[in-house]
Amino acid sequence: MSPFRDTPIKQKLLAIMMVTTIAALLLSGAGIVIADSIFFRGYMERDLVTLAQIIGDNTTASLAFDEPKSARETLAALKARPHLITACIYRADGSMLARYLRPGANSGCPLPSAGEQVQFTGGNVLLSHPIILSGRRVGTLVLLYDRSEVIKRIELYGTTVLGVLLVSSLVVFLLSSRLRAIIVTPVSQLADIAASVSQSKDYSIRARKISNDELGILVDAFNEMLAGIQSRDNNLKRALLEREEALRETQDTRESLETTLASIGDAVISTDVGGRVVFANPVAHTMLRCREIVGKNLDEVLQILNELTRAKVESPVSKVLREGAIVELGNHTVLVAQDGTEVPIDDSGAPIRGKGGRILGTVLVFRDVTARRAAEATGKLLASIVESSHDAIVGISLHGLITSWNRGAEHIFGFAAGESIGKAASLIAVPDRMDDMPVILARIGNGESIAQYQTVRRTKSGKIIDVSITLSPLHDALGRITGASMIARDISEQVRSVERLAQLNADLQRSNENLKRSNEDLERFAFVASHDLQEPLRMISVYSQLLLKAHSGEFDRQAQMYVDNIVGSTKRMRELLADLLAYAEIGARVDEPLEAVDLNAVVEKVLQNLQASIDETDALITVDRLPTLCAFHGHFIPLFQNLIGNSIKYRSERPPCIDISFEKSASQLRFAVVDNGIGIAPEYHQKIFGAFKRLHGKDIEGTGIGLAICQRVVERYGGRIWVESKAGQGSKFIFTLPQEMLQ
Amino acid sequence: MGFFSHRSRRRPDRSKFAVDGTISLWLLSLLCLTASFKCQAAEEQVSEHQVKAAFLLNFTKFVEWPEAAFGDGHSPISICVLGEDPFGSALDQIVEGEVVEGRRVVVRRIKEPPLAKQCQVLFVSPVIKDVSQILTSLGPGVLTVGEGSDNFLREGGVISFVIENRHVRFDINQGAAETEGLKLSSRLLRVARSVEK
């Protein structure tokens with residue numbers, strides 16, 4: 001029925017009338033048809049029973065004397081009844097005596113029943129009538145009657161009812177379309193007005209009263225209601241205006257409060273009783289390093305720790321709510337901001353009370369005390385510095401009174417702090433030089449500092465001591481000069497030692513000159529020795545070889561061995577001398593002019609020198625583009641040759657891989673020779689640069705002077721050389737040279 | 001048609017009731033219904049005389065006797081057999097316990113023509129010679145039943161059995177009946193083979 005609910009009243013009324021009419025007509029039509037069929041059935045039953053009695057009586061003799069012909073004749077009279085389909089007469093034993101069949105009908109003879117019976121079946125009536133003769137049943141008459149008569153009647157009635165129904169419906173439809181206007185017109189007028197009121201919100205519209213029935217009452221009530229709404233609407237508008245006014249005032253107050261809160265230096269956060277933040281001023285946002293505070297739970301954004309124990313401090317909100325009074329956080333509290341930074345804070349919280357003292361929330365005020373802390377710390381630091389200083393640090397007011405006295409002062413001057421503070425600064429002045437203090441204080445008062453000057457002061461015991469004094473003005477927080485700080489150092493000892501030092505210096509100068517001379521002598525000796533020793537050595541070598549060539553056949557094996565040893569040792573001696581000479585030469589030639597040395601050419605030359613061993617070991621050598629230096633040409637071949645030669649010499653199982661790199665930094669040139677050799681254990685990193693220090697004894701040949709030469713070359717130019725290595729992991733020899741050498 | 005329900009009806013098997021026309025079957029049934037004949041003898045051959053015995057009884061149901069034919073209101077209807085009795089016990093069995101129009105029915109076997117009011121139905125055996133004489137000697141109110149020829153009716157008999165197509169039938173002499181003061185039912189007349197006026 002729900003679609004019906006939404007149809008207009010006009011159609012509903014029509015539908016109601018139509019349905020009512022049709023239902024009434026249908027019911028009365030059906031009543032008539034049913035009643036008639038029931039009455040007609042009774043009538044038919046009586047008629048049939050009478051007929052059966054007559055026929056039965058007329059056929060008793062036929063039965064008694066078993067005479068079918070006469071029975072058939074009797075039955076033939078039934079032709080006059082067109083609706084009788086068949087009539088049969090049965091004997092008492094159930095066999096048939098005679099029968100009648102309506103012409104054209106095709107039906108069997110129904111079975112007889114025990115007694116008198118009328119059966120209405122489908123379209124037929126079946127009558128079974130016992131035939132009695134002298135109190136004995138002699139047979140049964142069965143009649144089958146066609147009820148098409150009844151059905152025809154019903155059809156006739158049905159058609160009539162249907163016709164009446166159609167005509168009535170039409171009449172009702174025509175009538176109702178006029179009649180329903182009586183109801184529908186006022187209702188739709190009301191509906192239109194209600195719609196226009198709800199659309200325009202104009203409550204001054206009134207509906208027109210058409211009739212004095214219920215609809216009239218409805219119109220009156222509607223108008224009354226509109227009047228009510230109109231007056232309430234007016235009241236509401238007025239109230240709304242008042243409320244807006246009040247709201248604006250509240251807003252203004254609130255804005256001015258917020259401006260105030262925004263401009264104060266402390267962070268202010270207020271919460272409701274649940275701890276949810278309802279307001280936070282910009283300082284709070286900045287301190288918490290959090291953009292969105294309002295709406296969050298305070299405990300989420302505000303974490304406070306005890307600075308010393310790192311324990312979480314109870315939320316001030318819950319403390320305020322519990323105690324209902326203003327609370328302060330203890331000392332040493334730090335706020336952990338959202339980004340994890342910690343800020344020491346001073347914090348207090350207070351309940352916000354509404355009317356009647358009910359707690360509506362809390363307000364929390366806290367400030368960053370980093371600066372104060374820093375100031376305190378600085379103060380303490382300064383105090384402890386002052387206190388621990390061995391110099392006397394003394395505060396003097398502009399009036400010349402001692403205001404502070406540190407332990408150094410106690411130590412130097414012998415007065416305790418209690419003895420000196422409050423006394424005149426002249427306490428420690430030497431009696432005959434009392435007059436300098438007022439002059440000094442006048443200069444300080446003008447903002448002048450008096451840099452270190454030497455003077456004398458008097459100790460408690462009356463001893464006159466040499467002091468170095470520095471005076472500078474003391475400022476208060478506003479920058480005004482309030483006094484002077486005097487730093488005094490006991491330099492009596494120093495004064496004495498200066499003289500001693502001068503003596504020592506003179507001695508040192510002398511011995512230094514001696515040393516330099518002997519060193520030069522030594523170098524010259526080494527140069528001469530190594531140079532001059534070459535010649536006799538060469539002679540030994542030459543003659544040994546001549547001996548071998550000329551007389552080798554005459555030597556027995558032992559003699560042969562001796563001579564071989566002489567040759568070998570000579571050769572070794574020569575190498576040693578050559579290295580020694582090279583080493584000594586590095587220190588020499590200080591007066592010669594420098595030349596441009598292309599290190600690329602140097603390395604090229606070195607690689608040529610080492611070609612044999614490179615080929616032999618299958619070494620791979622990579623070289624960066626190297627700079628051209630302003631130096632002595634002779635120094636760099638030994639340097640590179642020793643480093644590269646060592647890398648090949650002290651190779652591991654693998655073929656040597658050697659990389660020579662160069663990089664330039666702001667102050668120096670940095671070279672590195674990296675290999676994959678056997679490496680050097682860290683404890684030898686220093687030793688290997690010493691002359692004749694060899695790690696590997698005789699299994700690897702060498703003079704033990706190569707790295708000493710390298711070091712001497714590098715240091716000769718003001719550079720440094722060192723090694724970075726571990727045993728078995730290759731070595732990296734690094735040396736630096738000053739930037740100025742670059743050509 | 002919603003007001004009426006269809007009900008299926010089983011059609012009777014007609015062949016079950018088909019009659020083959022032999023005397024024996026239908027006669028047996030006739031005997032069963034007309035007399036208090038205990039049908040235990042159903043399998044016995046029904047004889048022509050048994051049928052006739054039943055007819056004798058049935059005649060009493062279609063005949064109206066004058067008051068004078070009975071001794072009083074309670075007198076029985078006597079079926080008398082004159083001469084040789086062809087029915088044997090059949091007639092007695094059929095008649096036993098029968099009441100017609102408030103009167104018992106009894107069988108009497110007589111040698112001499114009956115006296116007045118003695119017999120209401122008189123079956124004259126065919127072996128009796130002087131039928132004419134006997135009939136005339138009878139008083140009024142006796143339904144005389146003979147057998148066989150037309151002579152019986154011509155000589156004043158009322159009903160005469162005849163055999164037609166192996167069926168027992170009868171002819172009626174309505175004039176004789178009127179003479180006897182008997183009123184024969186039109187239904188009886190209609191089933192007779194022929195009726196003489």
# chains A, B, ... in the order shown; residues from 1 in each chain; ligands from 1
call {"tool": "interface_residues", "arguments": {"of": "chain A", "to": "chain B", "cutoff": "10 Å", "atoms": "only C-alpha atoms", "output": "ChimeraX atom specification"}}
result
/A:30,33-34,37,57-71,73-74,90-97,107-112,120-124,133-139,151,154-155,158
call {"tool": "write_last_selection", "arguments": {"atoms": "N, CA and C atoms", "output": "compact mmCIF listing (two decimals), in the first residue's frame"}}
result
# COMPACT_ATOMS: atom_id res chain seq x y z
N ALA A 30 -22.86 -11.22 -5.54
CA ALA A 30 -22.49 -12.57 -5.15
C ALA A 30 -23.54 -13.16 -4.23
N VAL A 33 -26.55 -14.27 -6.22
CA VAL A 33 -26.26 -15.48 -7.00
C VAL A 33 -26.21 -16.70 -6.08
N ILE A 34 -25.56 -16.53 -4.94
CA ILE A 34 -25.44 -17.70 -4.03
C ILE A 34 -26.81 -18.09 -3.49
N SER A 37 -28.85 -19.75 -6.08
CA SER A 37 -28.44 -21.11 -6.41
C SER A 37 -28.82 -22.08 -5.30
N ASP A 57 -43.49 -45.46 -8.63
CA ASP A 57 -44.81 -46.07 -8.46
C ASP A 57 -45.26 -46.73 -9.75
N ASN A 58 -45.00 -46.05 -10.84
CA ASN A 58 -45.46 -46.55 -12.12
C ASN A 58 -44.67 -47.75 -12.60
N THR A 59 -43.54 -48.01 -11.94
CA THR A 59 -42.75 -49.13 -12.43
C THR A 59 -42.72 -50.29 -11.44
N THR A 60 -43.50 -50.21 -10.35
CA THR A 60 -43.52 -51.33 -9.39
C THR A 60 -43.93 -52.62 -10.07
N ALA A 61 -44.98 -52.55 -10.92
CA ALA A 61 -45.47 -53.77 -11.58
C ALA A 61 -44.42 -54.30 -12.52
N SER A 62 -43.79 -53.36 -13.25
CA SER A 62 -42.74 -53.80 -14.18
C SER A 62 -41.67 -54.57 -13.44
N LEU A 63 -41.36 -54.13 -12.24
CA LEU A 63 -40.35 -54.81 -11.45
C LEU A 63 -40.88 -56.13 -10.91
N ALA A 64 -42.13 -56.05 -10.40
CA ALA A 64 -42.69 -57.24 -9.78
C ALA A 64 -42.80 -58.37 -10.80
N PHE A 65 -43.11 -58.00 -12.01
CA PHE A 65 -43.29 -59.06 -13.00
C PHE A 65 -42.19 -59.05 -14.04
N ASP A 66 -41.14 -58.34 -13.70
CA ASP A 66 -39.96 -58.32 -14.54
C ASP A 66 -40.32 -58.05 -16.00
N GLU A 67 -40.90 -56.87 -16.14
CA GLU A 67 -41.40 -56.52 -17.47
C GLU A 67 -40.69 -55.24 -17.92
N PRO A 68 -39.55 -55.34 -18.58
CA PRO A 68 -38.76 -54.13 -18.96
C PRO A 68 -39.50 -53.24 -19.93
N LYS A 69 -40.27 -53.80 -20.75
CA LYS A 69 -40.91 -53.01 -21.81
C LYS A 69 -41.78 -51.91 -21.23
N SER A 70 -42.64 -52.34 -20.29
CA SER A 70 -43.52 -51.34 -19.69
C SER A 70 -42.70 -50.31 -18.92
N ALA A 71 -41.64 -50.78 -18.28
CA ALA A 71 -40.77 -49.84 -17.55
C ALA A 71 -40.17 -48.83 -18.52
N GLU A 73 -41.37 -47.88 -21.30
CA GLU A 73 -42.43 -46.98 -21.74
C GLU A 73 -42.63 -45.87 -20.71
N THR A 74 -42.66 -46.30 -19.45
CA THR A 74 -42.83 -45.30 -18.39
C THR A 74 -41.70 -44.28 -18.45
N TYR A 90 -33.11 -50.17 -11.63
CA TYR A 90 -32.38 -51.38 -11.27
C TYR A 90 -33.29 -52.30 -10.51
N ARG A 91 -33.05 -53.59 -10.73
CA ARG A 91 -33.77 -54.60 -9.93
C ARG A 91 -33.16 -54.61 -8.53
N ALA A 92 -33.81 -55.36 -7.66
CA ALA A 92 -33.32 -55.42 -6.27
C ALA A 92 -31.91 -56.01 -6.21
N ASP A 93 -31.62 -56.89 -7.16
CA ASP A 93 -30.27 -57.50 -7.12
C ASP A 93 -29.22 -56.64 -7.80
N GLY A 94 -29.63 -55.48 -8.28
CA GLY A 94 -28.64 -54.55 -8.85
C GLY A 94 -28.57 -54.62 -10.36
N SER A 95 -29.22 -55.61 -10.95
CA SER A 95 -29.18 -55.65 -12.42
C SER A 95 -30.18 -54.65 -12.98
N MET A 96 -29.93 -54.23 -14.19
CA MET A 96 -30.75 -53.15 -14.74
C MET A 96 -31.98 -53.71 -15.43
N LEU A 97 -33.10 -53.04 -15.13
CA LEU A 97 -34.35 -53.47 -15.78
C LEU A 97 -34.59 -52.62 -17.02
N SER A 107 -24.05 -41.12 -21.77
CA SER A 107 -23.69 -41.25 -20.36
C SER A 107 -24.02 -42.65 -19.88
N GLY A 108 -23.26 -43.16 -18.97
CA GLY A 108 -23.55 -44.46 -18.38
C GLY A 108 -24.60 -44.30 -17.32
N CYS A 109 -25.05 -45.43 -16.84
CA CYS A 109 -26.04 -45.37 -15.78
C CYS A 109 -25.33 -45.35 -14.43
N PRO A 110 -25.58 -44.32 -13.64
CA PRO A 110 -24.91 -44.27 -12.34
C PRO A 110 -25.39 -45.41 -11.46
N LEU A 111 -24.51 -45.80 -10.51
CA LEU A 111 -24.85 -46.90 -9.60
C LEU A 111 -25.93 -46.48 -8.62
N PRO A 112 -26.81 -47.41 -8.27
CA PRO A 112 -27.82 -47.09 -7.26
C PRO A 112 -27.18 -47.08 -5.87
N PHE A 120 -25.38 -33.78 -5.40
CA PHE A 120 -25.03 -32.75 -6.37
C PHE A 120 -23.57 -32.91 -6.73
N THR A 121 -23.33 -33.27 -7.96
CA THR A 121 -21.94 -33.49 -8.35
C THR A 121 -21.66 -32.66 -9.58
N GLY A 122 -20.60 -31.82 -9.45
CA GLY A 122 -20.16 -31.02 -10.60
C GLY A 122 -21.34 -30.35 -11.28
N GLY A 123 -21.52 -30.62 -12.50
CA GLY A 123 -22.61 -29.99 -13.24
C GLY A 123 -23.91 -30.78 -13.17
N ASN A 124 -23.95 -31.89 -12.42
CA ASN A 124 -25.13 -32.78 -12.44
C ASN A 124 -25.71 -33.01 -11.06
N LEU A 133 -42.55 -51.85 -2.93
CA LEU A 133 -43.86 -52.48 -3.22
C LEU A 133 -44.25 -53.29 -1.99
N SER A 134 -45.42 -52.92 -1.43
CA SER A 134 -45.92 -53.59 -0.23
C SER A 134 -44.83 -53.69 0.84
N GLY A 135 -44.16 -52.59 1.02
CA GLY A 135 -43.16 -52.55 2.11
C GLY A 135 -41.85 -53.20 1.74
N ARG A 136 -41.73 -53.73 0.58
CA ARG A 136 -40.47 -54.35 0.18
C ARG A 136 -39.82 -53.55 -0.93
N ARG A 137 -38.55 -53.49 -0.84
CA ARG A 137 -37.84 -52.77 -1.90
C ARG A 137 -37.70 -53.69 -3.08
N VAL A 138 -38.28 -53.28 -4.21
CA VAL A 138 -38.24 -54.16 -5.36
C VAL A 138 -37.24 -53.65 -6.40
N GLY A 139 -36.76 -52.46 -6.20
CA GLY A 139 -35.80 -51.97 -7.18
C GLY A 139 -35.37 -50.54 -6.85
N ILE A 151 -26.37 -23.45 -13.91
CA ILE A 151 -25.21 -22.70 -14.37
C ILE A 151 -25.62 -21.56 -15.27
N ILE A 154 -26.76 -18.84 -13.15
CA ILE A 154 -25.64 -18.14 -12.51
C ILE A 154 -24.94 -17.22 -13.51
N GLU A 155 -24.79 -17.73 -14.70
CA GLU A 155 -24.15 -16.92 -15.73
C GLU A 155 -24.96 -15.66 -16.02
N GLY A 158 -24.52 -13.38 -13.14
CA GLY A 158 -23.14 -12.83 -13.17
C GLY A 158 -23.05 -11.70 -14.17
call {"tool": "residues_around", "arguments": {"residues": "Leu75 in chain A", "least_positions_apart": "2", "cutoff": "12 Å", "atoms": "only C-alpha atoms", "output": "MDAnalysis selection string"}}
result
chainID A and resid 51:52 54:59 62 68:73 77:81 84:89 97:102 141:143
call {"tool": "residues_around", "arguments": {"residues": "Ser132 in chain B", "least_positions_apart": "2", "cutoff": "10 Å", "atoms": "only C-alpha atoms", "output": "ChimeraX atom specification"}}
result
/B:128-130,134-137,151-157
call {"tool": "residues_around", "arguments": {"residues": "Val158 in chain B", "least_positions_apart": "3", "cutoff": "12 Å", "atoms": "only C-alpha atoms", "output": "PyMOL selection string"}}
result
chain B and resi 59+63+121-124+135+140-147+150-155+161+170-184+189+192+194-197
call {"tool": "residues_around", "arguments": {"residues": "Ala116 in chain B", "least_positions_apart": "5", "cutoff": "8 Å", "atoms": "only C-alpha atoms", "output": "number ranges by chain"}}
result
B: 69, 138-140
call {"tool": "write_last_selection", "arguments": {"atoms": "N, CA and C atoms", "output": "PDB file, in the first residue's frame"}}
result
ATOM      1  N   ALA B  69     -65.145 -60.208  -0.264  1.00  0.00           N
ATOM      2  CA  ALA B  69     -64.298 -61.347  -0.609  1.00  0.00           C
ATOM      3  C   ALA B  69     -63.641 -61.959   0.629  1.00  0.00           C
ATOM      4  N   LEU B 138     -67.810 -70.501  -8.901  1.00  0.00           N
ATOM      5  CA  LEU B 138     -67.159 -69.694  -7.855  1.00  0.00           C
ATOM      6  C   LEU B 138     -67.966 -68.438  -7.543  1.00  0.00           C
ATOM      7  N   GLY B 139     -67.855 -68.027  -6.278  1.00  0.00           N
ATOM      8  CA  GLY B 139     -68.514 -66.781  -5.915  1.00  0.00           C
ATOM      9  C   GLY B 139     -67.681 -65.596  -6.390  1.00  0.00           C
ATOM     10  N   PRO B 140     -68.159 -64.410  -6.169  1.00  0.00           N
ATOM     11  CA  PRO B 140     -67.380 -63.243  -6.588  1.00  0.00           C
ATOM     12  C   PRO B 140     -66.174 -63.023  -5.660  1.00  0.00           C
TER      13      PRO B 140
END
call {"tool": "residues_around", "arguments": {"residues": "Leu537 in chain A", "least_positions_apart": "5", "cutoff": "12 Å", "atoms": "only C-alpha atoms", "output": "PyMOL selection string"}}
result
chain A and resi 529-532+542-544+566-578
call {"tool": "residues_around", "arguments": {"residues": "Val336 in chain A", "least_positions_apart": "6", "cutoff": "12 Å", "atoms": "only C-alpha atoms", "output": "VMD selection string"}}
result
chain A and resid 287 to 290 299 to 307 310 312 to 313 342 to 345 368
call {"tool": "write_last_selection", "arguments": {"atoms": "C-alpha atoms", "output": "short mmCIF file (atom, residue, chain, number, x, y, z; two decimals), in the first residue's frame"}}
result
data_model
loop_
_atom_site.label_atom_id
_atom_site.label_comp_id
_atom_site.auth_asym_id
_atom_site.auth_seq_id
_atom_site.Cartn_x
_atom_site.Cartn_y
_atom_site.Cartn_z
CA MET A 287 58.28 25.99 23.28
CA LEU A 288 56.57 22.69 22.58
CA ARG A 289 57.75 22.84 18.94
CA CYS A 290 54.31 21.69 17.99
CA ASP A 299 49.95 14.71 28.40
CA GLU A 300 50.55 13.91 24.73
CA VAL A 301 52.21 17.24 24.00
CA LEU A 302 53.64 18.25 27.35
CA GLN A 303 56.21 15.90 28.77
CA ILE A 304 58.03 17.04 31.86
CA LEU A 305 61.00 15.21 33.32
CA ASN A 306 63.00 15.67 36.42
CA GLU A 307 66.31 16.84 35.06
CA ARG A 310 65.04 11.62 34.38
CA LYS A 312 58.53 11.63 34.54
CA VAL A 313 56.98 14.42 36.58
CA GLU A 342 64.82 19.65 26.27
CA VAL A 343 64.14 23.01 27.80
CA PRO A 344 64.41 23.72 31.51
CA ILE A 345 61.21 25.34 32.70
CA ASP A 368 61.91 28.83 29.49
#
call {"tool": "select_by_dssp", "arguments": {"residues": "range 57-159 of chain B", "states": "helix (DSSP H, G or I)", "output": "VMD selection string"}}
result
chain B and resid 57 to 62 67 to 69 90 to 95 131 to 137 151 to 154
